[in-house]
Amino acid sequence: MGERIAVIGTGYVGLVSGTCFSEIGHHVVCVDKDADKIQSLSRAELPIYEPDLQQLVQTNLQRGRLSFTSDTALAVSGSDIVFLAVGTPSMEDGQVDVSQVTSAAIQIAMAMEGYTIVVLKSTVPVGTARRVENLIREYNPEALFSIVSNPEFLREGSAVRDTFHMDRIVIGATEQEAADRIARLHEPYGAPVLFTDRESAELIKYASNAFLATKISFINEMANLCEKVGANVELVAAGMGMDKRIGTHFLRPGIGYGGSCFPKDTKAQLKIAEHADYDFKIMRAVIEVNRLQRERFADKVEQALGGDVNGLKLAVMGLTFKPDTDDLRDAPALDIIELLLAKGAQIRAYDPVAAQAAAPLIPRAVCCTDPYEALQDADAMVITTEWDTVKSLDYAEVHQLLRSPFIIDGRNCLQADTIRCLGFHYVSVGRP
């Protein structure tokens with residue numbers, strides 16, 4: 001018999017986590033205050049693009065193990081475990097906006113019936129679990145509950161796979177009984193469990209993302225150095241990755257990280273350190289290197305095309321921050337397009353899933369859903385997202401469509417020798 005679970009929030013984390021819990025046998029109700037969104041989800045119409053997710057939603061709706069509602073009180077009162085997976089966006093100064101967490105915590109407090117385990121799945125600043133505990137006690141002094149921190153480590157574009165093949169499950173709690181119950185909930189995933197205090201669990205998520213962002217900024221710095229000394233960054237990265245202490249992951253140079261997690265979490269990590277009166281110098285440099293990498297790539301495009309892109313037509317391939325997602329949040333491509341437009345270029349931009357959503361964000365560019373339409377009569381092809389549809393283009397046809405056979409690859413996703421043999425002038429990041 002599965003647990004009765006409520007998931008507050010139907011963004012990437014809440015929707016994927018709730019759906020996957022239903023797939024392994026639990027009864028899950030997902031909550032969102034947007035009634036129109038709930039109606040769409042109840043028809044298995046998803047607001048996000050995530051491989052394999054729609055089929056899982058549809059299957060578990062039919063099984064009766066997954067449902068959606070905008071009635072928080074009904075969902076909480078009928079559940080034994082409540083996951084809090086609402087948004088925690090960055091504010092202008094880099095601090096985390098936890099207002100949605102606060103609001104949801106108050107609603108949970110008012111709706112609790114019987115002993116309830118409240119699980120913080122949202123990425124939150126250190127100490128939030130304690131603050132949520134105090135809030136619930138304030139609004140419902142008689143409530144019987146436990147607060148558990150259980151951060152997520154999902155990657156957009158592979159979130160479902162990451163759920164079923166987790167590296168680890170982190171459970172921060174003050175009561176071992178509650179921690180054990182959340183561990184049993186995750187048993188079908190077969191991942192190792194780390195039990196911690198709540199503050200450590202909250203910091204583990206930030207530390208993990210901050211470190212991965214550091215690897216990305218480091219290899220981008222190495223790529224910039226390789227270009228100056230004539231070395232090949234891919235060979236440098238391969239040599240580094242053979243050291244088991246370093247590993248191969250996140251050592252791919254390019255135009256920098258984006259999305260909803262790394263930019264937000266690196267800034268939040270800085271703020272956490274500032275509140276503790278500590279100057280986190282490495283983190284500050286990571287953020288700055290990532291910002292500059294976008295500017296460097298726009299300059300690289302300009303230099304590759306003779307030092308001036310004014311009046312040139314450029315086909316920019318890929319708008320999302322990574323492939324297999326429709327997420328445009330802090331996508332490097334959008335900044336690069338604006339930089340190229342400011343230099344006088346004309347832009348046609350292609351993306352297989354996010355062209356329509358991107359159009360109002362880059363109104364001076366033309367957005368296309370057909371890659372060959374974007375490439376027609378362009379003076380160069382500029383790759384900003386390594387979509388499979390971009391890598392698998394017919395490059396003989398691409399050569400014919402382009403006015404000039406230039407490819408500037410910001411993701412190093414093409415084989416240089418193969419592309420050059422087709423007659424292209426090919427420029428990438430950190431490779432001679």
# chains A, B, ... in the order shown; residues from 1 in each chain; ligands from 1

$ residues_around --residues "Gln95 (chain A)" --least-positions-apart "6" --cutoff "8 Å" --atoms "only C-alpha atoms" --output "list in words"
Lys267, Ala268 and Lys271 of chain A

$ write_last_selection --atoms "N, CA and C atoms" --output "short mmCIF file (atom, residue, chain, number, x, y, z; two decimals), in the first residue's frame"
data_model
loop_
_atom_site.label_atom_id
_atom_site.label_comp_id
_atom_site.auth_asym_id
_atom_site.auth_seq_id
_atom_site.Cartn_x
_atom_site.Cartn_y
_atom_site.Cartn_z
N LYS A 267 24.36 32.64 -7.21
CA LYS A 267 24.13 33.94 -6.56
C LYS A 267 23.65 33.74 -5.12
N ALA A 268 22.80 32.75 -4.92
CA ALA A 268 22.32 32.48 -3.56
C ALA A 268 23.45 32.01 -2.66
N LYS A 271 25.18 34.95 -1.39
CA LYS A 271 24.41 35.63 -0.35
C LYS A 271 24.47 34.87 0.97
#

$ select_by_dssp --residues "region 351-424 of chain A" --states "strand (DSSP E)" --output "PyMOL selection string"
chain A and resi 366-368+380-383+406-409

$ residues_around --residues "Asp180 (chain A)" --least-positions-apart "5" --cutoff "9 Å" --atoms "only C-alpha atoms" --output "MDAnalysis selection string"
chainID A and resid 171 175 185

$ write_last_selection --atoms "C-alpha atoms" --output "CSV table (one decimal), in the first residue's frame"
chain,number,residue,atom,x,y,z
A,171,ILE,CA,17.4,13.5,3.9
A,175,GLU,CA,13.5,13.0,14.1
A,185,LEU,CA,9.3,6.2,0.3

$ closest_residue --among "A:Pro141, A:Gly307, A:Gly258, A:Gly18" --to "Asn290 (chain A)" --atoms "only C-alpha atoms"
A:Gly258

$ residues_around --residues "Ala273 (chain A)" --least-positions-apart "3" --cutoff "12 Å" --atoms "only C-alpha atoms" --output "short mmCIF file (atom, residue, chain, number, x, y, z; two decimals) with all heavy atoms, in the first residue's frame"
data_model
loop_
_atom_site.label_atom_id
_atom_site.label_comp_id
_atom_site.auth_asym_id
_atom_site.auth_seq_id
_atom_site.Cartn_x
_atom_site.Cartn_y
_atom_site.Cartn_z
N GLY A 94 20.21 39.03 -5.74
CA GLY A 94 20.74 37.67 -5.66
C GLY A 94 20.17 36.84 -4.52
O GLY A 94 20.37 35.63 -4.49
N GLN A 95 19.45 37.49 -3.60
CA GLN A 95 18.85 36.72 -2.52
C GLN A 95 17.67 35.91 -3.05
O GLN A 95 17.10 36.22 -4.09
CB GLN A 95 18.39 37.66 -1.40
CG GLN A 95 19.53 38.38 -0.71
CD GLN A 95 19.10 38.99 0.61
OE1 GLN A 95 18.97 38.32 1.62
NE2 GLN A 95 18.88 40.30 0.59
N PRO A 125 17.27 28.72 1.14
CA PRO A 125 18.44 29.12 1.94
C PRO A 125 18.52 28.31 3.24
O PRO A 125 17.51 27.80 3.74
CB PRO A 125 18.16 30.60 2.24
CG PRO A 125 17.19 31.03 1.21
CD PRO A 125 16.35 29.84 0.89
N VAL A 126 19.74 28.23 3.75
CA VAL A 126 19.96 27.50 5.00
C VAL A 126 19.12 28.13 6.12
O VAL A 126 19.09 29.35 6.28
CB VAL A 126 21.46 27.53 5.37
CG1 VAL A 126 21.68 26.84 6.72
CG2 VAL A 126 22.28 26.86 4.29
N LEU A 203 22.20 23.03 2.47
CA LEU A 203 23.44 23.56 1.88
C LEU A 203 24.01 22.62 0.82
O LEU A 203 24.69 23.07 -0.12
CB LEU A 203 24.48 23.81 2.97
CG LEU A 203 25.67 24.69 2.58
CD1 LEU A 203 25.21 26.03 2.01
CD2 LEU A 203 26.58 24.90 3.78
N TYR A 206 22.99 23.65 -2.74
CA TYR A 206 23.72 24.84 -3.21
C TYR A 206 25.18 24.50 -3.50
O TYR A 206 25.76 24.92 -4.51
CB TYR A 206 23.65 25.96 -2.18
CG TYR A 206 22.32 26.66 -2.15
CD1 TYR A 206 21.51 26.60 -1.03
CD2 TYR A 206 21.88 27.40 -3.25
CE1 TYR A 206 20.28 27.26 -1.00
CE2 TYR A 206 20.65 28.05 -3.23
CZ TYR A 206 19.86 27.97 -2.10
OH TYR A 206 18.65 28.63 -2.07
N ALA A 207 25.80 23.73 -2.59
CA ALA A 207 27.21 23.38 -2.77
C ALA A 207 27.42 22.56 -4.03
O ALA A 207 28.39 22.76 -4.77
CB ALA A 207 27.71 22.62 -1.55
N THR A 266 24.17 29.90 -7.69
CA THR A 266 25.49 30.50 -7.45
C THR A 266 25.36 31.85 -6.77
O THR A 266 26.11 32.18 -5.85
CB THR A 266 26.28 30.65 -8.77
OG1 THR A 266 25.44 31.27 -9.76
CG2 THR A 266 26.75 29.29 -9.29
N LYS A 267 24.36 32.64 -7.21
CA LYS A 267 24.13 33.94 -6.56
C LYS A 267 23.65 33.74 -5.12
O LYS A 267 24.07 34.47 -4.21
CB LYS A 267 23.10 34.74 -7.35
CG LYS A 267 23.60 35.19 -8.72
CD LYS A 267 22.47 35.83 -9.52
CE LYS A 267 22.93 36.15 -10.95
NZ LYS A 267 21.81 36.63 -11.78
N ALA A 268 22.80 32.75 -4.92
CA ALA A 268 22.32 32.48 -3.56
C ALA A 268 23.45 32.01 -2.66
O ALA A 268 23.51 32.37 -1.48
CB ALA A 268 21.21 31.42 -3.61
N GLN A 269 24.38 31.22 -3.23
CA GLN A 269 25.52 30.77 -2.44
C GLN A 269 26.36 31.95 -1.97
O GLN A 269 26.84 31.99 -0.83
CB GLN A 269 26.39 29.83 -3.29
CG GLN A 269 27.59 29.25 -2.58
CD GLN A 269 27.20 28.17 -1.59
OE1 GLN A 269 27.04 27.02 -1.93
NE2 GLN A 269 27.05 28.54 -0.32
N LEU A 270 26.50 32.95 -2.85
CA LEU A 270 27.21 34.17 -2.46
C LEU A 270 26.51 34.87 -1.30
O LEU A 270 27.15 35.33 -0.35
CB LEU A 270 27.29 35.13 -3.65
CG LEU A 270 28.57 35.14 -4.49
CD1 LEU A 270 28.49 36.27 -5.51
CD2 LEU A 270 29.81 35.29 -3.64
N ALA A 276 26.87 35.12 6.42
CA ALA A 276 27.74 34.51 7.43
C ALA A 276 29.05 35.28 7.57
O ALA A 276 29.99 34.80 8.20
CB ALA A 276 28.02 33.05 7.06
N ASP A 277 29.11 36.48 6.93
CA ASP A 277 30.28 37.34 7.00
C ASP A 277 31.52 36.65 6.41
O ASP A 277 32.60 36.68 6.99
CB ASP A 277 30.55 37.78 8.44
CG ASP A 277 31.54 38.95 8.51
OD1 ASP A 277 31.61 39.72 7.53
OD2 ASP A 277 32.24 39.08 9.54
N TYR A 278 31.30 36.01 5.23
CA TYR A 278 32.41 35.35 4.55
C TYR A 278 32.43 35.76 3.08
O TYR A 278 31.40 35.73 2.41
CB TYR A 278 32.29 33.83 4.66
CG TYR A 278 33.46 33.11 4.00
CD1 TYR A 278 34.70 33.08 4.63
CD2 TYR A 278 33.33 32.52 2.75
CE1 TYR A 278 35.78 32.45 4.02
CE2 TYR A 278 34.40 31.90 2.14
CZ TYR A 278 35.63 31.87 2.78
OH TYR A 278 36.71 31.26 2.17
N ASP A 279 33.58 36.14 2.57
CA ASP A 279 33.74 36.55 1.17
C ASP A 279 34.11 35.33 0.34
O ASP A 279 35.26 34.86 0.37
CB ASP A 279 34.83 37.63 1.06
CG ASP A 279 34.96 38.14 -0.37
OD1 ASP A 279 34.10 37.81 -1.21
OD2 ASP A 279 35.93 38.88 -0.64
N PHE A 280 33.15 34.80 -0.40
CA PHE A 280 33.34 33.58 -1.20
C PHE A 280 33.94 33.98 -2.54
O PHE A 280 33.25 34.11 -3.55
CB PHE A 280 31.99 32.89 -1.38
CG PHE A 280 32.05 31.42 -1.63
CD1 PHE A 280 31.07 30.58 -1.14
CD2 PHE A 280 33.06 30.85 -2.38
CE1 PHE A 280 31.09 29.22 -1.37
CE2 PHE A 280 33.11 29.49 -2.62
CZ PHE A 280 32.12 28.67 -2.12
N LYS A 281 35.25 34.17 -2.59
CA LYS A 281 35.92 34.74 -3.76
C LYS A 281 35.79 33.85 -4.99
O LYS A 281 35.61 34.34 -6.11
CB LYS A 281 37.40 34.99 -3.44
CG LYS A 281 37.65 36.10 -2.43
CD LYS A 281 39.14 36.35 -2.26
CE LYS A 281 39.42 37.55 -1.36
NZ LYS A 281 38.97 37.36 0.02
N ILE A 282 35.90 32.54 -4.83
CA ILE A 282 35.81 31.64 -5.98
C ILE A 282 34.44 31.75 -6.64
O ILE A 282 34.33 31.82 -7.86
CB ILE A 282 36.09 30.18 -5.56
CG1 ILE A 282 37.56 30.01 -5.18
CG2 ILE A 282 35.71 29.20 -6.66
CD1 ILE A 282 37.91 28.64 -4.66
N MET A 283 33.40 31.79 -5.83
CA MET A 283 32.04 31.87 -6.37
C MET A 283 31.83 33.17 -7.13
O MET A 283 31.20 33.19 -8.19
CB MET A 283 31.03 31.75 -5.24
CG MET A 283 29.64 31.35 -5.68
SD MET A 283 29.56 29.56 -5.96
CE MET A 283 30.16 29.39 -7.63
N ARG A 284 32.37 34.24 -6.60
CA ARG A 284 32.26 35.53 -7.28
C ARG A 284 32.92 35.47 -8.66
O ARG A 284 32.38 35.98 -9.64
CB ARG A 284 32.92 36.61 -6.41
CG ARG A 284 32.46 38.02 -6.69
CD ARG A 284 33.13 39.02 -5.75
NE ARG A 284 32.86 38.71 -4.35
CZ ARG A 284 31.72 39.01 -3.74
NH1 ARG A 284 30.75 39.60 -4.41
NH2 ARG A 284 31.54 38.71 -2.46
#

$ closest_residue --among "A:Arg137, A:Lys215, A:Thr385, A:Ile272" --to "Gly247 (chain A)" --atoms "only C-alpha atoms"
A:Lys215

$ residues_around --residues "Cys413 (chain A)" --least-positions-apart "6" --cutoff "10 Å" --atoms "only C-alpha atoms" --output "PDB file with N, CA, C and O atoms, in the first residue's frame"
ATOM      1  N   ARG A 252      33.028  20.445 -20.430  1.00  0.00           N
ATOM      2  CA  ARG A 252      32.831  20.783 -21.844  1.00  0.00           C
ATOM      3  C   ARG A 252      32.786  22.301 -21.990  1.00  0.00           C
ATOM      4  O   ARG A 252      31.917  22.960 -21.420  1.00  0.00           O
ATOM      5  N   GLY A 254      32.263  26.060 -23.704  1.00  0.00           N
ATOM      6  CA  GLY A 254      31.202  26.587 -24.544  1.00  0.00           C
ATOM      7  C   GLY A 254      30.903  28.034 -24.227  1.00  0.00           C
ATOM      8  O   GLY A 254      31.803  28.836 -23.986  1.00  0.00           O
ATOM      9  N   ILE A 383      26.006  28.292 -33.654  1.00  0.00           N
ATOM     10  CA  ILE A 383      25.383  27.252 -32.821  1.00  0.00           C
ATOM     11  C   ILE A 383      25.466  27.656 -31.355  1.00  0.00           C
ATOM     12  O   ILE A 383      26.554  27.883 -30.822  1.00  0.00           O
ATOM     13  N   THR A 384      24.303  27.730 -30.709  1.00  0.00           N
ATOM     14  CA  THR A 384      24.261  28.129 -29.300  1.00  0.00           C
ATOM     15  C   THR A 384      23.625  27.075 -28.390  1.00  0.00           C
ATOM     16  O   THR A 384      23.719  27.192 -27.174  1.00  0.00           O
ATOM     17  N   THR A 385      22.932  26.081 -28.953  1.00  0.00           N
ATOM     18  CA  THR A 385      22.385  24.966 -28.172  1.00  0.00           C
ATOM     19  C   THR A 385      22.598  23.686 -28.963  1.00  0.00           C
ATOM     20  O   THR A 385      22.275  23.633 -30.157  1.00  0.00           O
ATOM     21  N   GLU A 386      23.105  22.656 -28.295  1.00  0.00           N
ATOM     22  CA  GLU A 386      23.492  21.429 -28.997  1.00  0.00           C
ATOM     23  C   GLU A 386      22.325  20.461 -29.163  1.00  0.00           C
ATOM     24  O   GLU A 386      22.377  19.282 -28.804  1.00  0.00           O
ATOM     25  N   TRP A 387      21.230  20.947 -29.753  1.00  0.00           N
ATOM     26  CA  TRP A 387      20.095  20.091 -30.061  1.00  0.00           C
ATOM     27  C   TRP A 387      20.516  18.991 -31.050  1.00  0.00           C
ATOM     28  O   TRP A 387      21.303  19.236 -31.958  1.00  0.00           O
ATOM     29  N   ASP A 388      19.939  17.798 -30.897  1.00  0.00           N
ATOM     30  CA  ASP A 388      20.204  16.728 -31.860  1.00  0.00           C
ATOM     31  C   ASP A 388      19.786  17.144 -33.262  1.00  0.00           C
ATOM     32  O   ASP A 388      20.418  16.755 -34.249  1.00  0.00           O
ATOM     33  N   VAL A 390      20.106  19.948 -34.554  1.00  0.00           N
ATOM     34  CA  VAL A 390      21.172  20.786 -35.117  1.00  0.00           C
ATOM     35  C   VAL A 390      22.357  19.915 -35.523  1.00  0.00           C
ATOM     36  O   VAL A 390      22.915  20.068 -36.614  1.00  0.00           O
ATOM     37  N   LYS A 391      22.717  18.988 -34.662  1.00  0.00           N
ATOM     38  CA  LYS A 391      23.871  18.117 -34.958  1.00  0.00           C
ATOM     39  C   LYS A 391      23.610  17.198 -36.153  1.00  0.00           C
ATOM     40  O   LYS A 391      24.555  16.807 -36.844  1.00  0.00           O
ATOM     41  N   SER A 428      35.347  27.034 -33.412  1.00  0.00           N
ATOM     42  CA  SER A 428      34.718  26.506 -32.203  1.00  0.00           C
ATOM     43  C   SER A 428      35.379  27.160 -30.981  1.00  0.00           C
ATOM     44  O   SER A 428      36.085  28.166 -31.111  1.00  0.00           O
TER      45      SER A 428
END

$ atom_distance --atom1 "CA of Thr88 (chain A)" --atom2 "CA of Lys264 (chain A)"
9.1 Å

$ closest_residue --among "A:Glu373, A:Asp299, A:Glu227, A:Glu288" --to "Ala342 (chain A)" --atoms "only C-alpha atoms"
A:Asp299

$ closest_residue --among "A:Gln376, A:Gln58, A:Gln346, A:Ser122" --to "Leu314 (chain A)" --atoms "only C-alpha atoms"
A:Gln346

$ residues_around --residues "region 223-226 of chain A" --least-positions-apart "3" --cutoff "12 Å" --atoms "only C-alpha atoms" --output "ChimeraX atom specification"
/A:216-220,229-237,251-256,289,292-293,296-297,300,410-412,428-432

$ write_last_selection --atoms "C-alpha atoms" --output "PDB file, in the first residue's frame"
ATOM      1  CA  ILE A 216      32.053  24.894 -16.225  1.00  0.00           C
ATOM      2  CA  SER A 217      33.617  28.318 -15.677  1.00  0.00           C
ATOM      3  CA  PHE A 218      37.032  26.731 -15.113  1.00  0.00           C
ATOM      4  CA  ILE A 219      37.017  24.799 -18.381  1.00  0.00           C
ATOM      5  CA  ASN A 220      35.797  27.906 -20.214  1.00  0.00           C
ATOM      6  CA  VAL A 229      48.600  29.317 -26.808  1.00  0.00           C
ATOM      7  CA  GLY A 230      47.455  27.008 -29.626  1.00  0.00           C
ATOM      8  CA  ALA A 231      46.333  24.091 -27.442  1.00  0.00           C
ATOM      9  CA  ASN A 232      43.175  22.002 -27.834  1.00  0.00           C
ATOM     10  CA  VAL A 233      40.835  22.295 -24.858  1.00  0.00           C
ATOM     11  CA  GLU A 234      39.121  18.997 -25.631  1.00  0.00           C
ATOM     12  CA  LEU A 235      42.423  17.167 -25.260  1.00  0.00           C
ATOM     13  CA  VAL A 236      43.177  19.151 -22.103  1.00  0.00           C
ATOM     14  CA  ALA A 237      39.755  18.218 -20.691  1.00  0.00           C
ATOM     15  CA  LEU A 251      34.339  19.808 -18.494  1.00  0.00           C
ATOM     16  CA  ARG A 252      32.831  20.783 -21.844  1.00  0.00           C
ATOM     17  CA  PRO A 253      33.727  24.328 -22.901  1.00  0.00           C
ATOM     18  CA  GLY A 254      31.202  26.587 -24.544  1.00  0.00           C
ATOM     19  CA  ILE A 255      29.192  29.736 -23.999  1.00  0.00           C
ATOM     20  CA  GLY A 256      28.546  29.219 -20.294  1.00  0.00           C
ATOM     21  CA  VAL A 289      33.561  34.305 -15.878  1.00  0.00           C
ATOM     22  CA  LEU A 292      31.957  37.314 -19.737  1.00  0.00           C
ATOM     23  CA  GLN A 293      31.840  34.060 -21.701  1.00  0.00           C
ATOM     24  CA  ARG A 296      33.518  36.666 -25.617  1.00  0.00           C
ATOM     25  CA  PHE A 297      31.481  34.426 -27.889  1.00  0.00           C
ATOM     26  CA  LYS A 300      34.321  35.528 -31.502  1.00  0.00           C
ATOM     27  CA  GLY A 410      29.596  27.734 -29.359  1.00  0.00           C
ATOM     28  CA  ARG A 411      28.978  24.207 -28.062  1.00  0.00           C
ATOM     29  CA  ASN A 412      31.731  22.263 -29.870  1.00  0.00           C
ATOM     30  CA  SER A 428      34.718  26.506 -32.203  1.00  0.00           C
ATOM     31  CA  VAL A 429      35.636  27.178 -28.571  1.00  0.00           C
ATOM     32  CA  GLY A 430      39.156  26.392 -27.365  1.00  0.00           C
ATOM     33  CA  ARG A 431      40.109  24.269 -30.370  1.00  0.00           C
ATOM     34  CA  PRO A 432      42.755  25.260 -32.930  1.00  0.00           C
TER      35      PRO A 432
END

$ atom_distance --atom1 "CA of Phe68 (chain A)" --atom2 "CA of Ile108 (chain A)"
16.6 Å

$ residues_around --residues "region 153-163 of chain A" --least-positions-apart "2" --cutoff "9 Å" --atoms "only C-alpha atoms" --output "JSON, numbers by chain"
{"A": [12, 13, 16, 17, 20, 49, 50, 51, 52, 53, 151, 165, 166, 167, 168, 169, 189, 205, 208, 209, 259, 322, 323, 324, 325, 326, 327]}

$ closest_residue --among "A:Ala349, A:Ala75, A:Ile24, A:Ala210" --to "Phe164 (chain A)" --atoms "only C-alpha atoms"
A:Ile24

$ decode --residues "region 134-157 of chain A" --atoms "C-alpha atoms" --output "JSON list (two decimals), in the first residue's frame"
[["chain", "number", "residue", "atom", "x", "y", "z"],
["A", 134, "ASN", "CA", 8.17, 27.85, 13.49],
["A", 135, "LEU", "CA", 5.53, 29.13, 11.06],
["A", 136, "ILE", "CA", 3.48, 25.96, 11.32],
["A", 137, "ARG", "CA", 3.68, 26.04, 15.12],
["A", 138, "GLU", "CA", 2.58, 29.68, 15.06],
["A", 139, "TYR", "CA", -0.46, 29.07, 12.86],
["A", 140, "ASN", "CA", -1.39, 25.66, 14.26],
["A", 141, "PRO", "CA", 0.00, 25.21, 17.81],
["A", 142, "GLU", "CA", -1.74, 21.83, 18.20],
["A", 143, "ALA", "CA", -0.35, 20.34, 14.98],
["A", 144, "LEU", "CA", 1.57, 17.06, 15.04],
["A", 145, "PHE", "CA", 4.23, 17.18, 12.34],
["A", 146, "SER", "CA", 7.85, 16.81, 11.33],
["A", 147, "ILE", "CA", 9.88, 18.95, 8.92],
["A", 148, "VAL", "CA", 12.30, 17.17, 6.60],
["A", 149, "SER", "CA", 14.71, 18.68, 4.06],
["A", 150, "ASN", "CA", 14.96, 16.54, 0.92],
["A", 151, "PRO", "CA", 16.67, 18.55, -1.87],
["A", 152, "GLU", "CA", 16.28, 17.54, -5.50],
["A", 153, "PHE", "CA", 19.13, 17.02, -7.97],
["A", 154, "LEU", "CA", 17.22, 16.83, -11.26],
["A", 155, "ARG", "CA", 18.55, 18.07, -14.58],
["A", 156, "GLU", "CA", 16.10, 19.61, -17.01],
["A", 157, "GLY", "CA", 15.89, 17.48, -20.12]]
